[in-house]
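Engineer: Please read through the structure below; I'll follow up with questions.
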Amino acid sequence: MHRALTDFATNSKGKQLHPTSLLQASHGRVDRDSLESLAGQSILNPRQFDRQTVIAIAQLAALLETRNVEMDKPLDGKIAITAFFEASTRTRLSFESAVQRLDGKVLSVPDGQVTGIAKGESLADIGEMLNTYGDVVIMRHPDTNSIDEIRKNLQRPLINAGNGSGHHPTQALIDWYALLKWRPELRHADCPQDRRVHLGIIGTPGSMRAVKSFLRLALLFNGAVKRITLISELADPVGLELTDSIEESPIPIDMTNDAQEVMPDLDIIYVNSIAFLGDSYRNLDTRYKLNRNSDMKKDAVIMHPLARNDELAEDLDSTEHNLYFAQAAGAVFVRQALLTAVLDRLGRISGI
Amino acid sequence: MHRALTDFATNSKGKQLHPTSLLQASHGRVDRDSLESLAGQSILNPRQFDRQTVIAIAQLAALLETRNVEMDKPLDGKIAITAFFEASTRTRLSFESAVQRLDGKVLSVPDGQVTGIAKGESLADIGEMLNTYGDVVIMRHPDTNSIDEIRKNLQRPLINAGNGSGHHPTQALIDWYALLKWRPELRHADCPQDRRVHLGIIGTPGSMRAVKSFLRLALLFNGAVKRITLISELADPVGLELTDSIEESPIPIDMTNDAQEVMPDLDIIYVNSIAFLGDSYRNLDTRYKLNRNSDMKKDAVIMHPLARNDELAEDLDSTEHNLYFAQAAGAVFVRQALLTAVLDRLGRISGI
Amino acid sequence: MHRALTDFATNSKGKQLHPTSLLQASHGRVDRDSLESLAGQSILNPRQFDRQTVIAIAQLAALLETRNVEMDKPLDGKIAITAFFEASTRTRLSFESAVQRLDGKVLSVPDGQVTGIAKGESLADIGEMLNTYGDVVIMRHPDTNSIDEIRKNLQRPLINAGNGSGHHPTQALIDWYALLKWRPELRHADCPQDRRVHLGIIGTPGSMRAVKSFLRLALLFNGAVKRITLISELADPVGLELTDSIEESPIPIDMTNDAQEVMPDLDIIYVNSIAFLGDSYRNLDTRYKLNRNSDMKKDAVIMHPLARNDELAEDLDSTEHNLYFAQAAGAVFVRQALLTAVLDRLGRISGI
């Protein structure tokens, strides 16, 4: 029932991450109590996770990545609805692949804007409609308050796959899955000093959901992240929502608008320099673009939630700095782990 | 194999309908002969049903609603094609959920207008194409004559999911499933006098397929419907097609353009005041809008095929007048019942 | 486990082709060695096939057409991604039906242009993304060089479902499946002289992928095709890519712009007179249109990859000249055969 890792396509270029590193570090154990607490829960905001749960999801994802669980059919008889009111082929297919790999079924709304989830129908009415159609709803929506609207009537667990400038909790779990495979010791409450990392984020957490959610989880790993630098041309890249958490965090957090200055000290460079401002996107300045000649530490890794624009040059793809391809390659497994927990089917996976 | 009713999400607000009421009234029996007559048949027009068949479909839907039949996999190996030339996420997902709950598979055309069921290709050629792709075709199309066109070459059963201003037979079955769960005695050829209902329809059956199909089935229940009032601002809301049937019906049918006048006497108020006129929709006058302050009988119920516009105020949602949420919640089960019968898989459902 | 042929819908009109003719001619044998050579391979260009492989695929398709293989679940656990950057409901549903008939699963991108496979994202990045989503990628794209672009990072087998004016290899296999069912003796390296065929192609192989790919395979059957006539108003309908192959072929190949002149001598008339010129289509002259009164041999057959425009009159549909409906009816089986071979699941089909 086990399959060779080579049997499964991973990233074509860049650093390779193996799930066995994380599994061995955990002695093959999965923190089942943390996972069971997710049964029937909606996944809306990374704030709902503690560090233990993030690690538990990563452990289960690693287990799923090393094993061929289709035989277990963990989501047999379950239907997931992917309701994408803002088209995103990458995220939608990632969830749909996760569901189908576990033998669940999918009802797909590829683009609610054009396929007429009805002209003027309220999200509350749509939530009511979906109650009897499936067992879990995965929604992306351009409006931040869409989550509250659909939940007025929706009685099924809702997974937020991105709501305007709000949150993108599953992307943040994917990001940390990559980091925990890269350096399993980051999971510790008290990571050895010489293994602690300086994390740089190029982007605007206040208005960009992916970096906002990533930063939120980073604050949980305060025994492993020794410093966070926010790199942005805006005076206040953090925004109201995260301000308190950042001020309370034991992690020193500083800000700069000069990427070049801080770059040589960073261990992890998280890039997402497309700013989400109202209904439109805006590219940041060329000072924030990365390429093969950027002045990075030899073993620094670059992360990016993708899709990318020219902020991340293709000449980096075949370097060891490229963690973003491995990061993307873990997405389906993290979503498999999360869906299995939310749909209360951990018991179907043999040996956990 | 049985599951608790609470295991299945029903409507979030309004009146709750339990399938057990209908099952108990039928002593758990399903009229299998009527269902078997549907094997291999197309479902095009509610005119093709007699009262017995409507009741039999409702009985099977009730049975499916109380039972977890996924274990039986009744549609295993069958492929349903949802060919929506007019986008309707609500109806499409409802059918696709029904197919997948029964372990059938779906080929989905979410919007034939934009995804290029070919530029200028005739419906006859499309019907020919679909013959080898699936086992049943579920079509929605803006043209009334689309049914005849596709059937020129199509050899598979066709289920009409709405054809222009033509018919919407499965919606009408859903409507009557709700009514038969609400008051199982309505199924009788001779319902007790004090349980007979006065039915009001706000809308224009002549040009609106949902109310037209609902009215067609209402005429079958002439032992339970004591009077029908059509409420419309049009001089002739009935249209040519239904005129003969209405004149022949033993049910007294009257018309008014004053909703307020008749409202206090109605037991059932069916609302669908968006008129389908040619290619566009037109909202009826505010006189035909319902809200919490409308002058209704205490136990009157409101029905609506949804999606709604402002003709039905949200403040009604949490009242016992709201039958429309329960009506919508039964849709997947009615479509399951119908597909099982059409695809000749009744034998796969244990215990009927 | 066998099912009657009549159990399966075939073409509604025109000549009927039975897979048993081809199977009997092959004494029920399938050339498994040729099929096994396709395991893990991409299907990009008909040039990659030899005659033996074309015949082997047709044999397996015939076997699948006569048998109900769903019980074998040959693609169980496999996921196919249909990535259509140019919408084609006909081709997409054909592949998706093939996958599902074999119990595989589908991730569907009905229209990459409108559902936002990301704004400006490169095909190389899309290829990288798809590596962990599925087991095989079926792509249609308006650009000829899209194949090379996506394969920069894609590590899964790619099936070319049409790339601009490039190729359409699976359509060509479908075409030859129809011809080999029609006259099984065409498979021989040395077909009896009186059974050899004169093949006419109305269209422009140089710029139209379907006829280009069909012609490419026709060159393999040089023991059965006695002459090929290209009928086009263009001075050079062949184009650069095929010129060498045509010059080297032992089959005499001539060109004319007068369809009427050569028509009475043709055994097979392949029509695809919609020219693909840059981004637009252009209809050929009325001289190239066929109808019931066209001066054809009594037993000549007409082929067309469909969808058609007015180059092929509907009055031909109910004649024995109509091979195009039977040709289309074989599509799902050919794609089943190909996917089973590419995904290395021949061993799951009992009895081959």
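Ligands are numbered from 1 in the order shown, residues from 1 within each chain, and chains are lettered A, B, ... in the order they appear in the structure tokens.
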I need the contact residues of chain C against chain B, so if you could list those with any atom within 9 Å, counting only C-alpha atoms, and return them as a ChimeraX atom specification, that would help.

Structural biologist: /C:8-13,70-71,86-90,93-94,96-98,100-101,103,110-111,114,306-309,325,328-332

Engineer: When you look at stretch 289-298 of chain A with a cut-off of 8 Å (counting only C-alpha atoms), what residues show up, excluding the ones that are within fewer than 2 positions of it in the same chain? I need them as an mmCIF file with C-alpha atoms, in the first residue's frame.

Structural biologist:
```cif
data_model
loop_
_atom_site.group_PDB
_atom_site.id
_atom_site.type_symbol
_atom_site.label_atom_id
_atom_site.label_comp_id
_atom_site.auth_asym_id
_atom_site.auth_seq_id
_atom_site.Cartn_x
_atom_site.Cartn_y
_atom_site.Cartn_z
ATOM 1 C CA GLN A 260 18.240 45.520 -0.480
ATOM 2 C CA MET A 263 17.939 40.924 2.182
ATOM 3 C CA PRO A 264 21.424 39.553 3.017
ATOM 4 C CA ASP A 265 20.299 38.684 6.545
ATOM 5 C CA LEU A 266 17.073 36.851 5.698
ATOM 6 C CA ASP A 267 16.669 33.077 5.980
ATOM 7 C CA ASP A 285 8.183 48.928 -7.294
ATOM 8 C CA THR A 286 11.053 47.170 -9.057
ATOM 9 C CA ARG A 287 13.081 47.533 -5.850
ATOM 10 C CA ALA A 300 18.055 31.478 1.985
ATOM 11 C CA ASP A 310 7.463 39.661 -12.725
ATOM 12 C CA GLU A 311 8.257 40.167 -9.040
ATOM 13 C CA LEU A 312 9.900 36.740 -9.075
ATOM 14 C CA ALA A 313 12.184 36.052 -12.031
ATOM 15 C CA GLU A 314 12.109 32.641 -13.728
ATOM 16 C CA ASP A 315 15.900 32.490 -13.523
ATOM 17 C CA LEU A 316 15.459 31.620 -9.844
#
```

Engineer: For stretch 202-211 of chain B, please output as a PyMOL selection string all residues within 9 Å (counting only C-alpha atoms; exclusion window: fewer than 6 positions along the same chain).

Structural biologist: chain B and resi 162-169+171-172+229-234+236-242+259+269-278+284+288+305

Engineer: Please produce a file of those selected residues containing C-alpha atoms, as a short mmCIF file (atom, residue, chain, number, x, y, z; two decimals), in the first residue's frame.

Structural biologist:
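Resulting contents of out-v7.cif:
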```cif
data_model
loop_
_atom_site.label_atom_id
_atom_site.label_comp_id
_atom_site.auth_asym_id
_atom_site.auth_seq_id
_atom_site.Cartn_x
_atom_site.Cartn_y
_atom_site.Cartn_z
CA GLY B 162 -36.51 24.44 -18.08
CA ASN B 163 -37.06 25.41 -21.71
CA GLY B 164 -37.75 29.10 -22.24
CA SER B 165 -41.32 29.91 -21.39
CA GLY B 166 -42.20 26.23 -21.84
CA HIS B 167 -42.07 23.88 -18.87
CA HIS B 168 -40.11 23.00 -15.77
CA PRO B 169 -41.52 19.61 -14.80
CA GLN B 171 -39.61 21.98 -10.29
CA ALA B 172 -43.31 21.16 -10.22
CA THR B 229 -56.94 31.99 -7.72
CA LEU B 230 -54.54 33.41 -10.29
CA ILE B 231 -53.21 36.79 -9.23
CA SER B 232 -51.71 38.83 -12.04
CA GLU B 233 -51.84 42.27 -13.54
CA LEU B 234 -52.29 40.74 -16.98
CA ASP B 236 -55.02 36.76 -19.54
CA PRO B 237 -52.32 35.23 -17.34
CA VAL B 238 -53.17 31.66 -18.38
CA GLY B 239 -52.13 31.54 -21.99
CA LEU B 240 -53.26 29.31 -24.80
CA GLU B 241 -51.67 26.07 -23.71
CA LEU B 242 -53.45 25.74 -20.38
CA ALA B 259 -53.58 40.33 -4.32
CA ILE B 269 -49.53 31.33 -1.79
CA TYR B 270 -47.24 30.40 -4.69
CA VAL B 271 -45.12 33.39 -5.68
CA ASN B 272 -43.07 33.79 -8.81
CA SER B 273 -43.72 37.31 -9.86
CA ILE B 274 -40.75 37.69 -12.17
CA ALA B 275 -42.34 37.49 -15.59
CA PHE B 276 -40.45 35.84 -18.41
CA LEU B 277 -41.27 37.98 -21.43
CA GLY B 278 -39.28 37.18 -24.51
CA LEU B 284 -44.44 42.81 -11.24
CA TYR B 288 -47.74 41.65 -5.54
CA PRO B 305 -39.23 28.25 -6.81
#
```

Engineer: Rounded to one decimal, what separation in Å do you get between atom CA of B:Leu23 and atom CA of B:Asp190?

Structural biologist: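 If I compute the distance from atom CA of B:Leu23 to atom CA of B:Asp190, I get 19.1 Å.
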
Engineer: Please, what distance in Å, to one decimal, runs between atom CA of B:Asn257 and atom CA of B:Gly200?

Structural biologist: 11.8 Å

Engineer: Using backbone DSSP assignments, extract all alpha helix (DSSP H) residues from stretch 66-144 of chain A; output them as a list in words.

Structural biologist: Thr66, Thr89, Arg90, Thr91, Arg92, Leu93, Ser94, Phe95, Glu96, Ser97, Ala98, Val99, Gln100, Arg101, Leu123, Ala124, Asp125, Ile126, Gly127, Glu128, Met129 and Leu130 of chain A

Engineer: I want to know what sits within 12 Å of C:Ala56, based on only C-alpha atoms, with residues of the same chain fewer than 2 positions away left out; could you give that as number ranges by chain?

Structural biologist: C: 22-23, 26, 28-38, 49-54, 58-63, 173, 176-177, 180, 187, 334, 337-338, 341, 352

Engineer: Just checking: using only C-alpha atoms, which residue out of B:Ala25, B:Asp175, B:Glu261, B:Pro157 ends up closest to B:Gln41?

Structural biologist: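 Among the listed residues, the smallest separation from B:Gln41 belongs to B:Pro157.
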
Engineer: Could you pull the residues within 10 Å of C:Val225, counting only C-alpha atoms, minus those fewer than 6 positions along the same chain, as a list in words?

Structural biologist: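 My reading of the contact set: Leu186, Cys191, Gln193, Arg195, Arg196, Val197, His198, Leu199, Ala218, Leu219, Pro250, Ile251, Pro252 and Asp267 of chain C.
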
Engineer: With C-alpha atoms retained, write the just-selected residues as an mmCIF file, in the first residue's frame.

Structural biologist:
```
data_model
loop_
_atom_site.group_PDB
_atom_site.id
_atom_site.type_symbol
_atom_site.label_atom_id
_atom_site.label_comp_id
_atom_site.auth_asym_id
_atom_site.auth_seq_id
_atom_site.Cartn_x
_atom_site.Cartn_y
_atom_site.Cartn_z
ATOM 1 C CA LEU C 186 -7.494 -1.546 -44.814
ATOM 2 C CA CYS C 191 -4.602 -4.821 -49.147
ATOM 3 C CA GLN C 193 -6.123 -4.183 -55.159
ATOM 4 C CA ARG C 195 -10.361 -3.004 -51.957
ATOM 5 C CA ARG C 196 -7.882 -0.131 -52.010
ATOM 6 C CA VAL C 197 -9.389 3.294 -51.626
ATOM 7 C CA HIS C 198 -9.129 6.675 -53.290
ATOM 8 C CA LEU C 199 -9.169 9.262 -50.523
ATOM 9 C CA ALA C 218 -3.259 8.096 -43.954
ATOM 10 C CA LEU C 219 0.350 8.039 -45.148
ATOM 11 C CA PRO C 250 4.594 5.748 -52.149
ATOM 12 C CA ILE C 251 0.978 6.912 -52.317
ATOM 13 C CA PRO C 252 0.312 9.136 -55.338
ATOM 14 C CA ASP C 267 -14.229 6.208 -52.006
#
```

Engineer: In Å, with one decimal, what is the gap from atom CA of C:Lys15 to atom CA of B:Asn145?

Structural biologist: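 Computing the Euclidean distance for atom CA of C:Lys15 and atom CA of B:Asn145 yields 28.1 Å.
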